[in-house]
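*Asks:* Got a structure for you, written out below as structure tokens; questions coming shortly.
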Amino acid sequence: MFSDVTLSAAEGRTHDGDSPAKSGAPAALPGFLDALIGKGLLVPTGVDGLYGRNAVFEDVVEHIDAMVGRWADGRQTEAMRFPPAMSRKVLEESGYWANCPDQIGTVFSFCGDDRSHQRLLKCLDKQEDWTEDVNPTRLSMTPAACYPVYPVMAARGPLPTEGRTVDLMSYCFRHEPSIDPARMQMFRQREFVRMGTPSQVLEFRAQLVEFGTATMRALQLPASVEVANDPFFGRAGKIMIDIQRRQELKYELLVPGISPEKPTACASFNYHQDRFGALWKIVTPSGEVAHTGCVGFGLERIALGLFRHHGLDVDAWPQEVIAALWGAAPR
Ligand code: ZN
């Protein structure tokens with residue numbers, strides 16, 4: 001079904017990270033990505049994992065976002081939206097450099113004078129290294145929608161008795177170039193973050209596991225919830241993975257069939273225990289270190305699940321799925 005659309009060699013796609021194609025000819029693409037691009041749903045940019053989206057894809061993503069957002073209905077949540085870049089200092093303090101250094105993106109800008117500008121232009125002309133006067137700014141790319149919110153909440157003082165629940169949505173960045181459309185470098189996460197006592201956080205996570213499973217059922221996507229781990233880096237990371245799995249700190253909602261090799265995580269349900277509470281000094285009304293948890297839904301991944309399982313033509317999707325996403329209103 002997904003093998004009849006091919007990309008011309010002129011697209012110049014590369015498959016070895018960010019470096020230019022070595023052989024000159026692009027390697028064979030997986031059929032699903034071909035089909036998404038051929039249908040115009042994703043728009044290639046020449047960088048693996050970085051795509052434009054057409055109006056149909058955006059419409060699907062927006063309605064998945066709205067559907068996920070319904071969890072907040074009737075609940076005391078505070079909605080906030082942050083841009084896809086965050087304070088570099090906050091990211092440095094968060095421990096992300098220790099855990100996932102290979103996935104971080106930091107924003108660099110030109111900070112030189114006239115002379116260094118001339119040097120930079122010459123280097124660009126000659127295709128030489130032009131980065132001498134390009135320095136890190138105060139911005140990093142946001143790796144997960146919840147990262148900017150913890151210091152903001154800590155600055156407000158002790159949590160109220162009922163804790164806090166924040167509703168977030170952001171583009172996120174992970175430096176992991178791939179030709180698997182389910183592994184984009186920039187994608188959107190709808191997240192809910194809970195801060196409070198351990199039982200408040202665990203109850204929140206359990207509710208969202210149920211909600212996430214019901215949402216997949218309404219979208220007629222096969223899904224299971226499994227114990228999971230973050231992609232912690234290096235040798236120390238192996239120990240972190242072991243602890244995370246043993247204590248069941250992370251679950252993922254897995255949808256098979258999107259990627260050929262293994263089921264794709266379309267949502268994750270994370271219990272941080274007191275890690276962020278201690279780090280950012282978030283406290284309960286009685287002065288104890290608060291526990292936190294977050295649940296993130298990968299909006300593009302769920303959209304890809306729908307296109308994979310119900311076909312690339314949205315109008316031909318099952319009526320129940322269309323009703324679940326768009327309600328009674330005509331598309
Ligand atoms: Zn999070």
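The way I read the labels, and the way they are meant: chains A, B, ... in the order of the structure tokens, residue 1 as the first residue of every chain, and ligand 1 as the first ligand shown, with later ones counted on from there.
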Dump as a tab-separated table the rows for residues of chain A within 9 Å of ligand 1: closest atom pair and distance in Å with one decimal, only C-alpha atoms and all ligand atoms counted, ordered by chain and rising residue number.
*Replies:*
residue	atom	partner	partner_atom_place_in_ligand_line	distance
A:Ala144	CA	ligand 1	1 (Zn)	5.6
A:Ala145	CA	ligand 1	1 (Zn)	6.0
A:Cys146	CA	ligand 1	1 (Zn)	4.3
A:Tyr147	CA	ligand 1	1 (Zn)	6.5
A:Gln189	CA	ligand 1	1 (Zn)	9.0
A:Glu191	CA	ligand 1	1 (Zn)	6.5
A:Phe192	CA	ligand 1	1 (Zn)	7.6
A:Val193	CA	ligand 1	1 (Zn)	6.7
A:Ser268	CA	ligand 1	1 (Zn)	8.5
A:Phe269	CA	ligand 1	1 (Zn)	8.5
A:Asn270	CA	ligand 1	1 (Zn)	7.2
A:Gly293	CA	ligand 1	1 (Zn)	7.3
A:Cys294	CA	ligand 1	1 (Zn)	4.6
A:Val295	CA	ligand 1	1 (Zn)	6.1
A:Gly296	CA	ligand 1	1 (Zn)	6.1
*Asks:* Skip Asp129 in chain A itself and residues of its chain fewer than 6 positions away, then list as a list in words all residues within 12 Å of it, counting only C-alpha atoms.
*Replies:*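 Skipping anything fewer than 6 positions along the chain leaves Arg119, Leu120, Leu121, Lys122 and Cys123 of chain A.
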*Asks:* Could the residues in this selection be written to a file with N, CA, C and O atoms, as a PDB file, in the first residue's frame?
*Replies:*
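The resulting file, part_5.pdb, is shown below:
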ATOM      1  N   ARG A 119      34.850  37.851   7.791  1.00  0.00           N
ATOM      2  CA  ARG A 119      35.514  36.537   7.818  1.00  0.00           C
ATOM      3  C   ARG A 119      34.481  35.421   7.651  1.00  0.00           C
ATOM      4  O   ARG A 119      34.667  34.482   6.887  1.00  0.00           O
ATOM      5  N   LEU A 120      33.364  35.585   8.355  1.00  0.00           N
ATOM      6  CA  LEU A 120      32.303  34.574   8.282  1.00  0.00           C
ATOM      7  C   LEU A 120      31.779  34.451   6.847  1.00  0.00           C
ATOM      8  O   LEU A 120      31.604  33.338   6.334  1.00  0.00           O
ATOM      9  N   LEU A 121      31.562  35.599   6.195  1.00  0.00           N
ATOM     10  CA  LEU A 121      31.029  35.552   4.824  1.00  0.00           C
ATOM     11  C   LEU A 121      32.007  34.857   3.878  1.00  0.00           C
ATOM     12  O   LEU A 121      31.600  34.076   3.008  1.00  0.00           O
ATOM     13  N   LYS A 122      33.303  35.154   4.093  1.00  0.00           N
ATOM     14  CA  LYS A 122      34.314  34.505   3.250  1.00  0.00           C
ATOM     15  C   LYS A 122      34.289  32.991   3.444  1.00  0.00           C
ATOM     16  O   LYS A 122      34.368  32.219   2.493  1.00  0.00           O
ATOM     17  N   CYS A 123      34.218  32.590   4.697  1.00  0.00           N
ATOM     18  CA  CYS A 123      34.177  31.147   5.000  1.00  0.00           C
ATOM     19  C   CYS A 123      32.950  30.499   4.371  1.00  0.00           C
ATOM     20  O   CYS A 123      33.024  29.400   3.825  1.00  0.00           O
TER      21      CYS A 123
END
*Asks:* Suppose you want the space between CA of Glu320 in chain A and CA of Glu226 in chain A; what is it in Å?
*Replies:*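 Computed distance, CA of Glu320 in chain A to CA of Glu226 in chain A, equals 26.4 Å.
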*Asks:* Apply DSSP to the backbone of this structure and, from range 24-204 of chain A, keep only the residues in strand (DSSP E); write these as number ranges by chain.
*Replies:* A: 42-44, 51-53, 78-80, 85-87, 106-110, 134-141, 164-173, 186-196
*Asks:* Would you put the residues from that selection into a file with C-alpha atoms, as a PDB file, in the first residue's frame?
*Replies:*
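Output file part12.pdb is given in full below:
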ATOM      1  CA  LEU A  42       4.515  15.748   5.050  1.00  0.00           C
ATOM      2  CA  VAL A  43       6.735  18.200   3.189  1.00  0.00           C
ATOM      3  CA  PRO A  44      10.437  17.279   2.981  1.00  0.00           C
ATOM      4  CA  TYR A  51       9.105  18.155   7.850  1.00  0.00           C
ATOM      5  CA  GLY A  52       6.495  20.664   6.930  1.00  0.00           C
ATOM      6  CA  ARG A  53       2.883  19.525   7.330  1.00  0.00           C
ATOM      7  CA  GLU A  78      -3.922  25.672  34.502  1.00  0.00           C
ATOM      8  CA  ALA A  79      -3.166  25.991  30.788  1.00  0.00           C
ATOM      9  CA  MET A  80       0.159  27.506  29.724  1.00  0.00           C
ATOM     10  CA  ALA A  85      12.913  27.226  22.965  1.00  0.00           C
ATOM     11  CA  MET A  86      13.611  27.518  26.693  1.00  0.00           C
ATOM     12  CA  SER A  87      16.193  29.001  29.042  1.00  0.00           C
ATOM     13  CA  THR A 106      21.280  24.685  21.758  1.00  0.00           C
ATOM     14  CA  VAL A 107      20.772  27.928  19.834  1.00  0.00           C
ATOM     15  CA  PHE A 108      23.944  29.635  18.616  1.00  0.00           C
ATOM     16  CA  SER A 109      24.098  33.141  17.123  1.00  0.00           C
ATOM     17  CA  PHE A 110      26.693  35.373  15.513  1.00  0.00           C
ATOM     18  CA  VAL A 134      29.128  31.989  16.535  1.00  0.00           C
ATOM     19  CA  ASN A 135      28.405  31.478  20.226  1.00  0.00           C
ATOM     20  CA  PRO A 136      25.751  29.851  22.386  1.00  0.00           C
ATOM     21  CA  THR A 137      22.852  32.170  23.217  1.00  0.00           C
ATOM     22  CA  ARG A 138      20.734  31.927  26.366  1.00  0.00           C
ATOM     23  CA  LEU A 139      18.337  29.597  24.527  1.00  0.00           C
ATOM     24  CA  SER A 140      18.133  25.847  24.182  1.00  0.00           C
ATOM     25  CA  MET A 141      15.532  23.956  22.226  1.00  0.00           C
ATOM     26  CA  ARG A 164      -1.194  21.813  40.919  1.00  0.00           C
ATOM     27  CA  THR A 165      -1.942  20.438  37.459  1.00  0.00           C
ATOM     28  CA  VAL A 166      -0.610  22.252  34.410  1.00  0.00           C
ATOM     29  CA  ASP A 167      -1.736  21.733  30.821  1.00  0.00           C
ATOM     30  CA  LEU A 168       1.007  22.310  28.229  1.00  0.00           C
ATOM     31  CA  MET A 169       1.566  21.939  24.502  1.00  0.00           C
ATOM     32  CA  SER A 170       4.776  22.680  22.666  1.00  0.00           C
ATOM     33  CA  TYR A 171       6.924  21.788  19.749  1.00  0.00           C
ATOM     34  CA  CYS A 172       9.856  19.778  21.133  1.00  0.00           C
ATOM     35  CA  PHE A 173      13.299  19.102  19.683  1.00  0.00           C
ATOM     36  CA  MET A 186      10.703  18.508  15.841  1.00  0.00           C
ATOM     37  CA  PHE A 187       7.273  17.366  16.939  1.00  0.00           C
ATOM     38  CA  ARG A 188       4.473  18.413  19.285  1.00  0.00           C
ATOM     39  CA  GLN A 189       3.647  17.118  22.746  1.00  0.00           C
ATOM     40  CA  ARG A 190       0.462  17.769  24.683  1.00  0.00           C
ATOM     41  CA  GLU A 191       1.449  17.348  28.303  1.00  0.00           C
ATOM     42  CA  PHE A 192      -0.152  17.409  31.673  1.00  0.00           C
ATOM     43  CA  VAL A 193       2.087  17.919  34.693  1.00  0.00           C
ATOM     44  CA  ARG A 194       1.058  17.156  38.282  1.00  0.00           C
ATOM     45  CA  MET A 195       2.791  18.470  41.384  1.00  0.00           C
ATOM     46  CA  GLY A 196       1.792  17.453  44.876  1.00  0.00           C
TER      47      GLY A 196
END
*Asks:* Show which residues sit within 8 Å of Gly305 in chain A, as a ChimeraX atom specification. Count only C-alpha atoms, and ignore same-chain residues fewer than 6 positions away.
*Replies:* /A:221,255,257-258
*Asks:* Export, as a PDB file, in the first residue's frame, the selected residues with N, CA and C atoms.
*Replies:*
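The result, stored in part_24.pdb:
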ATOM      1  N   LEU A 221      -7.265   2.549  17.332  1.00  0.00           N
ATOM      2  CA  LEU A 221      -5.848   2.202  17.195  1.00  0.00           C
ATOM      3  C   LEU A 221      -5.511   1.114  18.204  1.00  0.00           C
ATOM      4  N   VAL A 255       1.722   1.798  20.187  1.00  0.00           N
ATOM      5  CA  VAL A 255       0.848   1.484  19.052  1.00  0.00           C
ATOM      6  C   VAL A 255       1.688   0.745  18.006  1.00  0.00           C
ATOM      7  N   GLY A 257       2.576  -1.108  14.330  1.00  0.00           N
ATOM      8  CA  GLY A 257       2.239  -0.923  12.914  1.00  0.00           C
ATOM      9  C   GLY A 257       2.689   0.392  12.319  1.00  0.00           C
ATOM     10  N   ILE A 258       3.098   1.380  13.162  1.00  0.00           N
ATOM     11  CA  ILE A 258       3.516   2.674  12.607  1.00  0.00           C
ATOM     12  C   ILE A 258       4.923   2.536  12.037  1.00  0.00           C
TER      13      ILE A 258
END
*Asks:* Could you list, as an mmCIF file with N, CA and C atoms, in the first residue's frame, every residue within 9 Å of Asp102 in chain A, counting only C-alpha atoms and ignoring same-chain residues fewer than 2 positions away?
*Replies:*
data_model
loop_
_atom_site.group_PDB
_atom_site.id
_atom_site.type_symbol
_atom_site.label_atom_id
_atom_site.label_comp_id
_atom_site.auth_asym_id
_atom_site.auth_seq_id
_atom_site.Cartn_x
_atom_site.Cartn_y
_atom_site.Cartn_z
ATOM 1 N N TRP A 97 21.617 17.388 30.525
ATOM 2 C CA TRP A 97 22.942 17.157 29.920
ATOM 3 C C TRP A 97 23.564 15.863 30.424
ATOM 4 N N ASN A 99 21.769 13.200 31.332
ATOM 5 C CA ASN A 99 20.961 12.045 30.926
ATOM 6 C C ASN A 99 20.919 11.811 29.420
ATOM 7 N N CYS A 100 20.729 12.863 28.650
ATOM 8 C CA CYS A 100 20.499 12.705 27.200
ATOM 9 C C CYS A 100 21.283 13.760 26.407
ATOM 10 N N ILE A 104 20.232 16.986 22.768
ATOM 11 C CA ILE A 104 20.003 18.409 23.058
ATOM 12 C C ILE A 104 20.313 19.282 21.849
ATOM 13 N N GLY A 105 19.533 20.304 21.660
ATOM 14 C CA GLY A 105 19.824 21.354 20.684
ATOM 15 C C GLY A 105 19.979 22.674 21.416
ATOM 16 N N ARG A 174 14.416 16.968 19.462
ATOM 17 C CA ARG A 174 15.380 15.925 19.853
ATOM 18 C C ARG A 174 16.310 15.715 18.673
ATOM 19 N N HIS A 175 17.600 15.786 18.923
ATOM 20 C CA HIS A 175 18.560 15.604 17.836
ATOM 21 C C HIS A 175 18.756 14.115 17.589
ATOM 22 N N GLU A 176 17.872 13.549 16.798
ATOM 23 C CA GLU A 176 18.011 12.131 16.444
ATOM 24 C C GLU A 176 17.511 11.946 15.017
ATOM 25 N N PHE A 233 21.889 8.168 28.453
ATOM 26 C CA PHE A 233 23.116 8.066 27.666
ATOM 27 C C PHE A 233 24.218 7.337 28.435
#
*Asks:* Near range 273-279 of chain A, counting only C-alpha atoms, which residues have an atom at most 6 Å away, once you skip same-chain residues fewer than 3 positions from it, shown as a VMD selection string?
*Replies:* chain A and resid 282 289 to 292
*Asks:* Could you write out that same residue set with N, CA and C atoms as an mmCIF file, in the first residue's frame?
*Replies:*
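Written out: result.cif:
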data_model
loop_
_atom_site.group_PDB
_atom_site.id
_atom_site.type_symbol
_atom_site.label_atom_id
_atom_site.label_comp_id
_atom_site.auth_asym_id
_atom_site.auth_seq_id
_atom_site.Cartn_x
_atom_site.Cartn_y
_atom_site.Cartn_z
ATOM 1 N N ILE A 282 10.348 22.767 44.893
ATOM 2 C CA ILE A 282 8.884 22.827 44.887
ATOM 3 C C ILE A 282 8.423 22.091 46.149
ATOM 4 N N VAL A 289 9.233 18.174 50.300
ATOM 5 C CA VAL A 289 9.556 18.253 48.876
ATOM 6 C C VAL A 289 8.413 17.625 48.081
ATOM 7 N N ALA A 290 7.916 18.359 47.093
ATOM 8 C CA ALA A 290 6.789 17.858 46.302
ATOM 9 C C ALA A 290 7.241 16.748 45.360
ATOM 10 N N HIS A 291 6.331 15.849 45.069
ATOM 11 C CA HIS A 291 6.552 14.864 44.009
ATOM 12 C C HIS A 291 5.923 15.403 42.724
ATOM 13 N N THR A 292 6.454 14.970 41.586
ATOM 14 C CA THR A 292 5.890 15.428 40.308
ATOM 15 C C THR A 292 5.753 14.241 39.351
#
*Asks:* Hey, could you make a per-residue contact list for range 199-289 of chain A against range 69-73 of chain A with 12 Å as the cut-off, showing the nearest pair of atoms and its distance in Å to one decimal, counting only C-alpha atoms, sorted by chain and number, as JSON lines?
*Replies:*
{"residue": "A:Phe204", "atom": "CA", "partner": "A:Trp71", "partner_atom": "CA", "distance": 10.9}
{"residue": "A:Gln207", "atom": "CA", "partner": "A:Trp71", "partner_atom": "CA", "distance": 9.4}
{"residue": "A:Leu208", "atom": "CA", "partner": "A:Trp71", "partner_atom": "CA", "distance": 8.0}
{"residue": "A:Val209", "atom": "CA", "partner": "A:Trp71", "partner_atom": "CA", "distance": 11.3}
{"residue": "A:Glu210", "atom": "CA", "partner": "A:Trp71", "partner_atom": "CA", "distance": 10.7}
{"residue": "A:Phe211", "atom": "CA", "partner": "A:Trp71", "partner_atom": "CA", "distance": 7.3}
{"residue": "A:Gly212", "atom": "CA", "partner": "A:Trp71", "partner_atom": "CA", "distance": 9.3}
{"residue": "A:Ala214", "atom": "CA", "partner": "A:Trp71", "partner_atom": "CA", "distance": 11.1}
{"residue": "A:Thr215", "atom": "CA", "partner": "A:Trp71", "partner_atom": "CA", "distance": 10.0}
*Asks:* Just to confirm, what's the straight-line distance from CA of Glu288 in chain A to CA of Gln247 in chain A in Å (one decimal)?
*Replies:* 21.6 Å
*Asks:* Check the DSSP output for the backbone and give back, as a list of chain:residue names, the residues of range 92-149 of chain A in alpha helix (DSSP H).
*Replies:*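 Matching residues for alpha helix (DSSP H) in range 92-149 of chain A are A:Glu92, A:Glu93, A:Tyr96, A:Trp97, A:Ala98, A:Asn99, A:Asp114, A:Arg115, A:Ser116, A:His117, A:Gln118, A:Arg119, A:Leu120, A:Leu121, A:Lys122, A:Cys123, A:Leu124, A:Asp125, A:Lys126, A:Val149.
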*Asks:* Check the smallest atom-to-atom distance from each of A:Val60, A:Met240, A:Leu312, A:Leu36 to Trp326 in chain A using only C-alpha atoms, then report the winner.
*Replies:*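 Nearest candidate to Trp326 in chain A out of A:Val60, A:Met240, A:Leu312, A:Leu36: A:Val60.
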*Asks:* Using only C-alpha atoms, find the one residue out of A:Thr161, A:Thr284, A:Ser178, A:Ser224 that sits nearest to Pro263 in chain A.
*Replies:*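 Answer, going by the shortest atom-to-atom distance: A:Ser224.
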*Asks:* With only C-alpha atoms as the atoms that count, which of A:Ile64, A:Ala155, A:Ala182, A:Leu124 lies nearest to Ser259 in chain A?
*Replies:*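 Counting only C-alpha atoms, the residue closest to Ser259 in chain A is A:Ala182.
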